[in-house]
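Shown next: work-v2.cif, given as mmCIF, C-alpha atoms.
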```cif
data_entry
loop_
_atom_site.label_atom_id
_atom_site.label_comp_id
_atom_site.auth_asym_id
_atom_site.auth_seq_id
_atom_site.Cartn_x
_atom_site.Cartn_y
_atom_site.Cartn_z
CA MET Y 1202 33.00 134.60 -19.92
CA GLY Y 1203 33.83 137.99 -18.48
CA GLY Y 1204 31.01 140.33 -19.44
CA ASN Y 1205 30.97 143.13 -21.97
CA ALA Y 1206 31.41 146.79 -21.12
CA TRP Y 1207 28.86 149.24 -22.52
CA MET Y 1208 27.86 152.88 -22.16
CA GLN Y 1209 24.89 154.98 -23.23
CA THR Y 1210 23.21 158.27 -22.43
CA GLY Y 1211 19.60 158.97 -21.63
CA PRO Y 1212 17.37 161.94 -20.93
CA TYR Y 1213 17.86 163.96 -17.75
CA GLN Y 1214 15.24 164.16 -15.03
CA PRO Y 1215 15.87 165.43 -11.48
CA ASP Y 1216 14.57 162.07 -10.19
CA LEU Y 1217 17.33 159.69 -11.30
CA ALA Y 1218 15.14 156.61 -10.86
CA ALA Y 1219 12.50 158.15 -13.15
CA ALA Y 1220 15.21 159.06 -15.68
CA PHE Y 1221 16.47 155.44 -15.51
CA ARG Y 1222 12.97 154.10 -16.19
CA GLN Y 1223 12.58 156.51 -19.11
CA ALA Y 1224 15.92 155.38 -20.55
CA GLN Y 1225 14.80 151.77 -20.18
CA GLU Y 1226 11.50 152.44 -21.96
CA GLU Y 1227 13.31 154.22 -24.80
CA SER Y 1228 15.84 151.37 -25.12
CA LEU Y 1229 13.06 148.79 -25.19
CA ALA Y 1230 11.13 150.77 -27.81
CA ALA Y 1231 14.26 150.89 -29.99
CA ASP Y 1232 14.96 147.14 -29.62
CA ASP Y 1233 12.68 144.68 -27.85
CA HIS Y 1234 15.30 141.89 -28.13
CA GLY Y 1235 12.62 139.49 -29.33
CA PHE Y 1236 10.30 140.12 -26.37
CA GLU Y 1237 7.66 142.05 -28.31
CA GLY Y 1238 4.79 143.78 -26.57
CA ARG Y 1239 6.19 143.68 -23.05
CA SER Y 1240 6.94 146.46 -20.61
CA VAL Y 1241 10.18 146.61 -18.63
CA GLU Y 1242 8.26 145.43 -15.57
CA ASP Y 1243 6.81 142.50 -17.56
CA LEU Y 1244 10.29 141.53 -18.72
CA TRP Y 1245 11.69 141.32 -15.20
CA ARG Y 1246 8.84 138.95 -14.21
CA ASP Y 1247 9.70 136.62 -17.13
CA GLU Y 1248 12.15 133.76 -16.52
CA ASP Y 1249 13.06 133.78 -20.24
CA TRP Y 1250 14.17 137.42 -19.88
CA HIS Y 1251 16.31 136.50 -16.87
CA GLU Y 1252 17.99 133.78 -18.93
CA TYR Y 1253 18.50 136.22 -21.80
CA VAL Y 1254 20.03 138.94 -19.63
CA PHE Y 1255 22.21 136.68 -17.51
CA THR Y 1256 23.65 134.73 -20.43
CA GLY Y 1257 24.33 137.59 -22.79
CA GLY Y 1258 22.38 140.66 -21.90
CA THR Y 1259 21.44 143.71 -23.88
CA ALA Y 1260 24.51 145.83 -23.04
CA SER Y 1261 22.12 148.60 -22.02
CA VAL Y 1262 20.05 149.92 -19.13
CA LEU Y 1263 17.66 147.03 -19.77
CA ASP Y 1264 20.06 144.67 -17.99
CA PHE Y 1265 18.96 145.97 -14.58
CA PRO Y 1266 15.62 145.63 -12.79
CA ALA Y 1267 16.03 148.71 -10.58
CA MET Y 1268 18.19 151.58 -9.42
CA ILE Y 1269 19.68 151.44 -5.93
CA ASP Y 1270 20.93 154.25 -3.70
CA ALA Y 1271 24.39 155.68 -4.41
CA THR Y 1272 25.71 154.42 -1.06
CA ASP Y 1273 24.28 150.90 -1.42
CA ASP Y 1274 26.98 148.27 -1.89
CA ASP Y 1275 24.70 145.51 -3.23
CA ASP Y 1276 26.56 143.64 -5.95
CA GLY Y 1277 23.79 143.62 -8.51
CA PRO Y 1278 22.23 143.36 -10.88
CA PHE Y 1279 21.38 146.98 -10.20
CA MET Y 1280 22.03 150.45 -11.55
CA ARG Y 1281 23.78 152.67 -8.99
CA PRO Y 1282 24.38 156.43 -9.25
CA LEU Y 1283 27.83 157.65 -8.28
CA THR Y 1284 28.35 159.48 -5.01
CA ASP Y 1285 29.58 163.07 -5.09
CA GLY Y 1286 33.03 161.87 -4.01
CA GLU Y 1287 33.17 159.31 -6.82
CA ILE Y 1288 32.25 162.00 -9.34
CA ARG Y 1289 34.84 164.48 -8.04
CA ALA Y 1290 37.58 161.84 -8.31
CA TRP Y 1291 37.47 162.22 -12.12
CA SER Y 1292 35.57 165.50 -12.48
CA PRO Y 1293 36.92 167.84 -9.76
CA GLY Y 1294 34.24 170.48 -10.39
CA GLY Y 1295 31.50 167.91 -9.73
CA HIS Y 1296 29.57 168.79 -12.91
CA PRO Y 1297 30.97 166.48 -15.59
CA THR Y 1298 30.28 167.05 -19.26
CA GLN Y 1299 29.70 164.22 -21.67
CA GLU Y 1300 33.19 164.81 -23.06
CA GLU Y 1301 34.74 164.48 -19.56
CA TRP Y 1302 32.75 161.30 -18.94
CA ASP Y 1303 33.81 159.76 -22.27
CA ARG Y 1304 37.45 160.69 -21.63
CA ALA Y 1305 37.36 159.38 -18.05
CA LEU Y 1306 36.00 156.01 -19.21
CA ASP Y 1307 38.44 155.85 -22.14
CA THR Y 1308 41.47 156.56 -19.94
CA GLY Y 1309 40.44 154.41 -16.97
CA ARG Y 1310 40.10 157.35 -14.56
CA LEU Y 1311 36.50 156.19 -14.30
CA THR Y 1312 36.17 152.43 -14.25
CA PHE Y 1313 33.50 150.06 -15.37
CA PRO Y 1314 31.72 148.22 -12.57
CA ASN Y 1315 31.86 144.48 -12.02
CA ARG Y 1316 29.80 142.02 -14.04
CA ALA Y 1317 26.00 142.47 -13.86
CA GLN Y 1318 26.36 145.99 -12.46
CA GLY Y 1319 25.78 149.48 -13.79
CA ASN Y 1320 26.56 153.04 -12.76
CA CYS Y 1321 25.14 156.39 -13.76
CA THR Y 1322 25.80 160.09 -13.30
CA VAL Y 1323 24.30 163.37 -14.40
CA LEU Y 1324 26.11 165.00 -17.34
CA TYR Y 1325 26.12 168.77 -17.76
CA ARG Y 1326 26.10 171.13 -20.72
CA ASP Y 1327 26.77 174.83 -20.15
CA GLY Y 1328 26.66 174.21 -16.39
CA ARG Y 1329 23.16 172.72 -16.48
CA PRO Y 1330 22.04 169.08 -16.19
CA ALA Y 1331 21.52 167.77 -19.72
CA LEU Y 1332 21.79 163.96 -19.80
CA ILE Y 1333 22.35 160.93 -17.66
CA GLY Y 1334 25.39 158.83 -18.53
CA TYR Y 1335 24.96 155.09 -17.95
CA TRP Y 1336 27.70 152.47 -18.14
CA GLY Y 1337 28.02 148.91 -17.02
CA MET Y 1338 29.05 145.36 -17.58
CA THR Y 1339 26.88 142.53 -18.84
CA ALA Y 1340 26.46 139.46 -16.64
CA ASP Y 1341 27.84 136.90 -19.09
#
```
Since I need it in another form, could you write the structure as structure tokens?
Amino acid sequence: MGGNAWMQTGPYQPDLAAAFRQAQEESLAADDHGFEGRSVEDLWRDEDWHEYVFTGGTASVLDFPAMIDATDDDDGPFMRPLTDGEIRAWSPGGHPTQEEWDRALDTGRLTFPNRAQGNCTVLYRDGRPALIGYWGMTAD
């Protein structure tokens, strides 16, 4: 199998790792994937969750145990923010809107990462940070 591409947005916070955790908590509250009553941290300590994520996944921010630094080249399963250079490659002004992000992913100017990896970037509205855009590929 080759993995499934997905994308979602989550709330903005200046601390991207905190925003990622918030997006995970909101995703889990919306759909616990049959793992009722567990926190994100609990899930990543559960071998059944590992099996679930690595053989199908959630196609969401829940597929990753942590966020790594933008310059880290670890091959996953982690969420990695884009570097400024990576952002400017498809959004020359460096402050992409959700519409620019959608269009960049749709046209291939912004690519999906490899299997079991995710990326994120801040999305702007009226020149101000508004959301975090997350996209990735399931492990399966």
In Å and to one decimal, atom CA of Y:Thr1272 is distant from atom CA of Y:His1296 by 19.0 Å
Could you write out as an MDAnalysis selection string the residues that the PyMOL selection byres ((chain Y and resi 1280) around 6) matches in the shown file?
chainID Y and resid 1268 1279 1281 1319:1320
Subject >> atom CA of Y:Glu1252 to atom CA of Y:Ile1269, straight-line distance in Å >> reply: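 Atom CA of Y:Ile1269 sits 22.0 Å away from atom CA of Y:Glu1252.
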Q) With only C-alpha atoms as the basis for distance, which of Y:Glu1300, Y:Ser1261, Y:Leu1332, Y:Gln1214 is at the shortest distance from Y:Ala1231? A)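 For Y:Ala1231, the nearest of the candidates is Y:Ser1261.
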* To do: Report as a list in words the residues that result from applying the PyMOL selection byres ((chain Y and resi 1329) around 12) to the structure here.
  =>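 Checked against the file, the PyMOL selection byres ((chain Y and resi 1329) around 12) matches Tyr1213, Gln1214, Pro1215, Gly1295, His1296, Pro1297, Thr1298, Gln1299, Val1323, Leu1324, Tyr1325, Arg1326, Asp1327, Gly1328, Pro1330, Ala1331, Leu1332 and Ile1333 of chain Y.
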Counting only C-alpha atoms, the residue among Y:Thr1308, Y:Thr1259, Y:Thr1284, Y:Thr1322 that lies closest to Y:Trp1207 is Y:Thr1259
Task: Among the residues Y:Asp1232, Y:Glu1248, Y:Asp1216, Y:Asp1303, the one that comes closest to Y:Asp1270 [using all atoms listed in the file] - done: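 Ranked by minimum distance to Y:Asp1270, first place goes to Y:Asp1216.
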Taking only C-alpha atoms into account, name the residue in Y:Asp1264, Y:Asp1276, Y:Glu1227, Y:Asp1285 that is nearest to Y:Trp1245.
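Comparing Y:Asp1264, Y:Asp1276, Y:Glu1227, Y:Asp1285 against Y:Trp1245, the winner is Y:Asp1264.
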As a check of understanding, name the residues that the PyMOL selection byres ((chain Y and resi 1205) around 8) selects in the supplied structure, as a PyMOL selection string. chain Y and resi 1203-1204+1206-1207+1260+1338-1341
Atom CA of Y:Trp1291 to atom CA of Y:Ala1267: how many Å, to one decimal?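 Straight-line distance from atom CA of Y:Trp1291 to atom CA of Y:Ala1267 works out to 25.4 Å.
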